[in-house]
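Below is my_file_12.pdb, which holds PDB, C-alpha atoms.
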ATOM      1  CA  MET A   1     101.834  77.069 111.496
ATOM      2  CA  TRP A   2     102.442  79.458 108.585
ATOM      3  CA  MET A   3      98.794  79.360 107.602
ATOM      4  CA  TYR A   4      97.763  80.533 111.066
ATOM      5  CA  LEU A   5     100.422  83.246 111.070
ATOM      6  CA  GLY A   6      99.264  84.353 107.605
ATOM      7  CA  LEU A   7      95.673  84.589 108.815
ATOM      8  CA  LEU A   8      96.799  86.503 111.883
ATOM      9  CA  ALA A   9      98.769  88.906 109.676
ATOM     10  CA  ALA A  10      95.709  89.376 107.453
ATOM     11  CA  LEU A  11      93.619  90.150 110.531
ATOM     12  CA  PHE A  12      96.055  92.797 111.729
ATOM     13  CA  LEU A  13      96.388  94.293 108.236
ATOM     14  CA  GLY A  14      92.609  94.525 108.075
ATOM     15  CA  LEU A  15      92.497  96.250 111.461
ATOM     16  CA  HIS A  16      95.282  98.576 110.331
ATOM     17  CA  ASN A  17      93.278  99.528 107.235
ATOM     18  CA  LEU A  18      90.169 100.106 109.359
ATOM     19  CA  CYS A  19      92.142 102.439 111.615
ATOM     20  CA  LYS A  20      93.531 104.347 108.614
ATOM     21  CA  LYS A  21      90.040 104.656 107.126
ATOM     22  CA  HIS A  22      88.733 105.964 110.442
ATOM     23  CA  ALA A  23      91.654 108.437 110.693
ATOM     24  CA  VAL A  24      91.047 110.000 107.259
ATOM     25  CA  ARG A  25      87.272 110.160 107.646
ATOM     26  CA  GLY A  26      86.502 113.840 108.163
ATOM     27  CA  ASN A  27      90.200 114.799 108.153
ATOM     28  CA  GLU A  28      92.636 115.949 105.523
ATOM     29  CA  VAL A  29      95.218 113.411 104.395
ATOM     30  CA  PHE A  30      98.345 115.475 105.067
ATOM     31  CA  PRO A  31      97.740 116.034 108.818
ATOM     32  CA  VAL A  32      96.943 112.328 109.229
ATOM     33  CA  LEU A  33     100.176 111.389 107.451
ATOM     34  CA  LEU A  34     102.111 113.916 109.512
ATOM     35  CA  GLY A  35     100.705 112.372 112.683
ATOM     36  CA  THR A  36     101.687 108.915 111.443
ATOM     37  CA  LEU A  37     105.228 110.060 110.672
ATOM     38  CA  ILE A  38     105.606 111.816 114.018
ATOM     39  CA  ALA A  39     104.375 108.705 115.851
ATOM     40  CA  GLY A  40     106.909 106.551 113.983
ATOM     41  CA  PHE A  41     109.663 109.074 114.655
ATOM     42  CA  LEU A  42     108.863 109.146 118.375
ATOM     43  CA  LEU A  43     108.910 105.351 118.447
ATOM     44  CA  ILE A  44     112.397 105.166 116.887
ATOM     45  CA  LEU A  45     113.905 108.199 118.678
ATOM     46  CA  PRO A  46     114.755 106.423 121.962
ATOM     47  CA  PHE A  47     116.732 103.776 120.085
ATOM     48  CA  TYR A  48     118.639 106.446 118.148
ATOM     49  CA  ILE A  49     119.449 108.358 121.329
ATOM     50  CA  GLY A  50     120.335 105.081 123.048
ATOM     51  CA  SER A  51     122.701 104.243 120.172
ATOM     52  CA  ILE A  52     124.558 107.502 120.794
ATOM     53  CA  TYR A  53     124.735 107.444 124.589
ATOM     54  CA  ALA A  54     124.547 103.703 125.373
ATOM     55  CA  PRO A  55     125.716 101.832 122.263
ATOM     56  CA  GLU A  56     126.514  98.597 124.080
ATOM     57  CA  ALA A  57     123.043  98.375 125.628
ATOM     58  CA  THR A  58     121.270  98.998 122.318
ATOM     59  CA  LYS A  59     123.540  96.470 120.564
ATOM     60  CA  GLU A  60     122.699  93.919 123.235
ATOM     61  CA  ILE A  61     118.950  94.267 122.703
ATOM     62  CA  GLY A  62     119.319  94.449 118.908
ATOM     63  CA  PHE A  63     118.211  98.055 118.392
ATOM     64  CA  PHE A  64     121.529  99.754 117.634
ATOM     65  CA  VAL A  65     121.267 102.461 114.965
ATOM     66  CA  GLU A  66     124.482 102.648 112.958
ATOM     67  CA  SER A  67     125.894 105.756 111.353
ATOM     68  CA  ILE A  68     125.711 105.821 107.576
ATOM     69  CA  PRO A  69     127.465 108.026 105.010
ATOM     70  CA  TRP A  70     125.730 111.065 103.487
ATOM     71  CA  SER A  71     125.576 109.380 100.076
ATOM     72  CA  THR A  72     123.400 106.671 101.598
ATOM     73  CA  HIS A  73     121.190 109.370 103.112
ATOM     74  CA  GLY A  74     120.631 110.620  99.554
ATOM     75  CA  PHE A  75     119.254 107.236  98.530
ATOM     76  CA  ILE A  76     117.067 107.170 101.632
ATOM     77  CA  ILE A  77     115.689 110.614 100.739
ATOM     78  CA  ILE A  78     114.847 109.438  97.218
ATOM     79  CA  LYS A  79     113.076 106.361  98.556
ATOM     80  CA  SER A  80     111.300 108.486 101.158
ATOM     81  CA  MET A  81     109.936 110.745  98.429
ATOM     82  CA  ILE A  82     108.656 107.741  96.493
ATOM     83  CA  MET A  83     107.061 106.271  99.618
ATOM     84  CA  ALA A  84     105.513 109.624 100.580
ATOM     85  CA  ALA A  85     103.907 109.901  97.141
ATOM     86  CA  SER A  86     102.619 106.334  97.478
ATOM     87  CA  TRP A  87     101.189 107.007 100.935
ATOM     88  CA  ILE A  88      99.536 110.261  99.859
ATOM     89  CA  LEU A  89      97.837 108.546  96.941
ATOM     90  CA  ALA A  90      96.836 105.537  99.046
ATOM     91  CA  TYR A  91      95.383 107.693 101.822
ATOM     92  CA  GLN A  92      93.487 109.822  99.288
ATOM     93  CA  ALA A  93      92.028 106.668  97.744
ATOM     94  CA  LEU A  94      91.205 105.314 101.199
ATOM     95  CA  LYS A  95      89.444 108.550 102.092
ATOM     96  CA  HIS A  96      87.259 108.663  98.970
ATOM     97  CA  LEU A  97      86.618 104.984  98.226
ATOM     98  CA  PRO A  98      85.098 102.123 100.201
ATOM     99  CA  LEU A  99      87.537  99.965 102.135
ATOM    100  CA  THR A 100      86.374  96.935 100.155
ATOM    101  CA  ILE A 101      87.778  98.493  96.976
ATOM    102  CA  VAL A 102      91.017 100.032  98.260
ATOM    103  CA  THR A 103      92.366  97.098 100.241
ATOM    104  CA  PRO A 104      92.345  94.497  97.426
ATOM    105  CA  ILE A 105      93.900  96.966  95.004
ATOM    106  CA  ARG A 106      96.659  97.857  97.479
ATOM    107  CA  SER A 107      97.300  94.150  98.001
ATOM    108  CA  ALA A 108      98.344  93.982  94.349
ATOM    109  CA  GLY A 109     101.469  95.983  95.266
ATOM    110  CA  PRO A 110     103.777  92.933  95.031
ATOM    111  CA  PHE A 111     102.805  92.756  91.336
ATOM    112  CA  PHE A 112     104.592  96.060  90.680
ATOM    113  CA  THR A 113     107.563  95.044  92.813
ATOM    114  CA  PHE A 114     107.822  91.848  90.772
ATOM    115  CA  ILE A 115     107.714  93.774  87.475
ATOM    116  CA  GLY A 116     110.361  96.212  88.744
ATOM    117  CA  ALA A 117     112.626  93.372  89.868
ATOM    118  CA  ILE A 118     112.445  91.793  86.421
ATOM    119  CA  PHE A 119     112.873  94.894  84.271
ATOM    120  CA  ILE A 120     115.051  97.125  86.443
ATOM    121  CA  TYR A 121     117.252  94.585  88.224
ATOM    122  CA  LYS A 122     117.087  91.802  85.615
ATOM    123  CA  GLU A 123     116.127  89.231  88.218
ATOM    124  CA  ALA A 124     115.058  85.753  87.163
ATOM    125  CA  PRO A 125     112.109  84.600  89.302
ATOM    126  CA  ASN A 126     111.757  80.942  90.235
ATOM    127  CA  ASN A 127     108.646  78.863  89.513
ATOM    128  CA  TYR A 128     106.972  79.633  92.850
ATOM    129  CA  GLN A 129     107.424  83.364  92.284
ATOM    130  CA  TRP A 130     105.865  83.072  88.818
ATOM    131  CA  ILE A 131     102.926  81.181  90.303
ATOM    132  CA  GLY A 132     102.461  83.937  92.882
ATOM    133  CA  PHE A 133     102.676  86.574  90.144
ATOM    134  CA  PHE A 134      99.926  84.952  88.103
ATOM    135  CA  LEU A 135      97.801  84.426  91.226
ATOM    136  CA  ILE A 136      97.956  88.182  91.841
ATOM    137  CA  ILE A 137      96.846  88.883  88.269
ATOM    138  CA  LEU A 138      94.057  86.314  88.491
ATOM    139  CA  SER A 139      92.866  87.735  91.820
ATOM    140  CA  VAL A 140      92.698  91.301  90.487
ATOM    141  CA  LEU A 141      90.846  90.148  87.359
ATOM    142  CA  LEU A 142      88.334  88.180  89.435
ATOM    143  CA  TYR A 143      87.910  91.125  91.786
ATOM    144  CA  SER A 144      87.246  93.374  88.800
ATOM    145  CA  ARG A 145      84.555  91.008  87.488
ATOM    146  CA  ILE A 146      82.865  90.859  90.886
ATOM    147  CA  GLY A 147      82.974  94.654  91.145
ATOM    148  CA  LYS A 148      81.353  95.066  87.723
ATOM    149  CA  LYS A 149      78.437  92.896  88.856
ATOM    150  CA  GLU A 150      77.991  95.312  91.765
ATOM    151  CA  GLY A 151      78.144  98.331  89.449
ATOM    152  CA  ILE A 152      81.722  99.303  90.297
ATOM    153  CA  HIS A 153      83.906 100.153  87.285
ATOM    154  CA  LEU A 154      87.497 100.425  88.475
ATOM    155  CA  LEU A 155      88.750 102.306  85.417
ATOM    156  CA  LEU A 156      86.064 104.988  85.755
ATOM    157  CA  LEU A 157      86.724 105.834  89.405
ATOM    158  CA  LYS A 158      88.932 108.936  89.783
ATOM    159  CA  TRP A 159      90.514 107.757  93.023
ATOM    160  CA  ILE A 160      91.709 104.404  91.671
TER     161      ILE A 160
END

File written out as structure tokens:
Amino acid sequence: MWMYLGLLAALFLGLHNLCKKHAVRGNEVFPVLLGTLIAGFLLILPFYIGSIYAPEATKEIGFFVESIPWSTHGFIIIKSMIMAASWILAYQALKHLPLTIVTPIRSAGPFFTFIGAIFIYKEAPNNYQWIGFFLIILSVLLYSRIGKKEGIHLLLLKWI
């Protein structure tokens, strides 16, 4: 069952990347990102308003938005700035590079999360996590070799 769900997720991620590529083609990145953020905001807004005026109903359906202290908002702002920088760079790369280059590179994101978990949080990964880590490295190296055969040099491309 998980294999089918994984393939389904890959299909939807591919469609999502196609839609993003189509959105940035002929458009600037910042208006596209602003549209994405506004769409997400409008999607969440009814649940926030419902949490204020009908908290029991939103709790019942599992969409209650709890109040958090201002110190937590500070952490959210910091993370939002990091994510905004990541999205800006990813959308710029998506705009200027072929989808077949950007998508595999973005899929290496868990590699950096893994490194951060080890060095920043001193986590000790289990054997399966180490196997996944080395599979990511192997995949990127193989992708790089295939790209070189096609004349693509990842280190020479400005948008990488």

Nearest to Leu89 in chain A by atom-to-atom distance, counting only C-alpha atoms, from A:Leu155, A:Val29, A:Ile146, A:Ala10: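 Going through A:Leu155, A:Val29, A:Ile146, A:Ala10 one by one, the smallest distance to Leu89 in chain A is for A:Val29.
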
Would you compute the distance between CA of Ile136 in chain A and CA of Gly116 in chain A? Give it in Å to one decimal.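 The value is 15.1 Å.
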
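Counting only C-alpha atoms and comparing A:Ser51, A:Ser80, A:Ser86, A:Asn126, the residue that lies closest to Gly109 in chain A is A:Ser86.
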
Can you work out the spacing between CA of Ala108 in chain A and CA of Leu135 in chain A in Å, to one decimal? 10.1 Å

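Across the structure, CA of Phe12 in chain A and CA of Ala84 in chain A are spaced 22.3 Å apart.
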
Residues of range 58-146 of chain A within 9 Å of range 14-21 of chain A: nearest atom pair and distance (Å, one decimal) for each, counting all atoms listed in the file, sorted by chain and number, as JSON lines?
{"residue": "A:Tyr91", "atom": "CA", "partner": "A:Lys20", "partner_atom": "CA", "distance": 7.8}
{"residue": "A:Leu94", "atom": "CA", "partner": "A:Lys21", "partner_atom": "CA", "distance": 6.1}
{"residue": "A:Lys95", "atom": "CA", "partner": "A:Lys21", "partner_atom": "CA", "distance": 6.4}
{"residue": "A:Pro98", "atom": "CA", "partner": "A:Lys21", "partner_atom": "CA", "distance": 8.9}
{"residue": "A:Leu99", "atom": "CA", "partner": "A:Lys21", "partner_atom": "CA", "distance": 7.3}
{"residue": "A:Thr103", "atom": "CA", "partner": "A:Asn17", "partner_atom": "CA", "distance": 7.5}

Give the answer as one residue: which of A:Ile105, A:Thr36, A:Ser139, A:Phe133 has the shortest atom-to-atom distance to Ile118 in chain A, using only C-alpha atoms?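 Nearest to Ile118 in chain A: A:Phe133.
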
Go through the shown structure with the PyMOL selection byres ((chain A and resi 61-67) around 12) and write out the matching residues as JSON, numbers by chain. {"A": [43, 44, 45, 46, 47, 48, 49, 50, 51, 52, 53, 54, 55, 56, 57, 58, 59, 60, 68, 69, 70, 71, 72, 73]}

Leu33 in chain A environment, 12 Å, only C-alpha atoms, sequence neighbours closer than 2 positions dropped, as a PyMOL selection string: chain A and resi 20+23-24+27-31+35-40+83-92

List as a list in words the protein and nucleic acid residues near Gly132 in chain A, meaning an atom at most 10 Å away when all atoms listed in the file are counted, but skip any in the same chain fewer than 6 places from it. Pro110, Phe111, Phe114 and Leu138 of chain A

A:Leu8, A:Ile78, A:Leu13, A:Ala93 ranked by distance to Trp159 in chain A, top pick (using only C-alpha atoms):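 The closest residue to Trp159 in chain A is A:Ala93.
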
For Lys148 in chain A, which residue out of A:Ala117, A:Arg106, A:Ile101, A:Asn127 is the nearest one, using only C-alpha atoms?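 Nearest to Lys148 in chain A: A:Ile101.
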
Missing atoms in range 114-127 of chain A need filling: write out N, CA, C and O atoms for it as a PDB file, in the frame of the given file.
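part.pdb was written with the following content:
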ATOM      1  N   PHE A 114     107.381  92.956  91.618  1.00  0.00           N
ATOM      2  CA  PHE A 114     107.822  91.848  90.772  1.00  0.00           C
ATOM      3  C   PHE A 114     108.243  92.359  89.386  1.00  0.00           C
ATOM      4  O   PHE A 114     109.313  92.003  88.878  1.00  0.00           O
ATOM      5  N   ILE A 115     107.408  93.211  88.794  1.00  0.00           N
ATOM      6  CA  ILE A 115     107.714  93.774  87.475  1.00  0.00           C
ATOM      7  C   ILE A 115     109.004  94.588  87.535  1.00  0.00           C
ATOM      8  O   ILE A 115     109.863  94.482  86.660  1.00  0.00           O
ATOM      9  N   GLY A 116     109.142  95.415  88.582  1.00  0.00           N
ATOM     10  CA  GLY A 116     110.361  96.212  88.744  1.00  0.00           C
ATOM     11  C   GLY A 116     111.593  95.349  88.907  1.00  0.00           C
ATOM     12  O   GLY A 116     112.651  95.646  88.340  1.00  0.00           O
ATOM     13  N   ALA A 117     111.480  94.264  89.662  1.00  0.00           N
ATOM     14  CA  ALA A 117     112.626  93.372  89.868  1.00  0.00           C
ATOM     15  C   ALA A 117     113.066  92.737  88.552  1.00  0.00           C
ATOM     16  O   ALA A 117     114.259  92.567  88.302  1.00  0.00           O
ATOM     17  N   ILE A 118     112.108  92.418  87.703  1.00  0.00           N
ATOM     18  CA  ILE A 118     112.445  91.793  86.421  1.00  0.00           C
ATOM     19  C   ILE A 118     113.072  92.800  85.457  1.00  0.00           C
ATOM     20  O   ILE A 118     114.133  92.547  84.879  1.00  0.00           O
ATOM     21  N   PHE A 119     112.429  93.943  85.295  1.00  0.00           N
ATOM     22  CA  PHE A 119     112.873  94.894  84.271  1.00  0.00           C
ATOM     23  C   PHE A 119     114.005  95.811  84.722  1.00  0.00           C
ATOM     24  O   PHE A 119     114.878  96.140  83.930  1.00  0.00           O
ATOM     25  N   ILE A 120     114.009  96.209  85.974  1.00  0.00           N
ATOM     26  CA  ILE A 120     115.051  97.125  86.443  1.00  0.00           C
ATOM     27  C   ILE A 120     116.302  96.366  86.874  1.00  0.00           C
ATOM     28  O   ILE A 120     117.420  96.712  86.494  1.00  0.00           O
ATOM     29  N   TYR A 121     116.109  95.302  87.665  1.00  0.00           N
ATOM     30  CA  TYR A 121     117.252  94.585  88.224  1.00  0.00           C
ATOM     31  C   TYR A 121     117.586  93.301  87.490  1.00  0.00           C
ATOM     32  O   TYR A 121     118.496  92.579  87.889  1.00  0.00           O
ATOM     33  N   LYS A 122     116.831  92.991  86.446  1.00  0.00           N
ATOM     34  CA  LYS A 122     117.087  91.802  85.615  1.00  0.00           C
ATOM     35  C   LYS A 122     117.104  90.513  86.426  1.00  0.00           C
ATOM     36  O   LYS A 122     117.896  89.615  86.189  1.00  0.00           O
ATOM     37  N   GLU A 123     116.218  90.439  87.411  1.00  0.00           N
ATOM     38  CA  GLU A 123     116.127  89.231  88.218  1.00  0.00           C
ATOM     39  C   GLU A 123     115.388  88.145  87.457  1.00  0.00           C
ATOM     40  O   GLU A 123     114.570  88.424  86.590  1.00  0.00           O
ATOM     41  N   ALA A 124     115.701  86.909  87.788  1.00  0.00           N
ATOM     42  CA  ALA A 124     115.058  85.753  87.163  1.00  0.00           C
ATOM     43  C   ALA A 124     114.251  85.018  88.232  1.00  0.00           C
ATOM     44  O   ALA A 124     114.805  84.255  89.021  1.00  0.00           O
ATOM     45  N   PRO A 125     112.940  85.240  88.275  1.00  0.00           N
ATOM     46  CA  PRO A 125     112.109  84.600  89.302  1.00  0.00           C
ATOM     47  C   PRO A 125     112.064  83.081  89.154  1.00  0.00           C
ATOM     48  O   PRO A 125     112.154  82.550  88.039  1.00  0.00           O
ATOM     49  N   ASN A 126     111.902  82.397  90.289  1.00  0.00           N
ATOM     50  CA  ASN A 126     111.757  80.942  90.235  1.00  0.00           C
ATOM     51  C   ASN A 126     110.293  80.586  89.967  1.00  0.00           C
ATOM     52  O   ASN A 126     109.435  81.465  89.874  1.00  0.00           O
ATOM     53  N   ASN A 127     110.005  79.306  89.865  1.00  0.00           N
ATOM     54  CA  ASN A 127     108.646  78.863  89.513  1.00  0.00           C
ATOM     55  C   ASN A 127     107.597  79.293  90.534  1.00  0.00           C
ATOM     56  O   ASN A 127     106.486  79.680  90.168  1.00  0.00           O
TER      57      ASN A 127
END
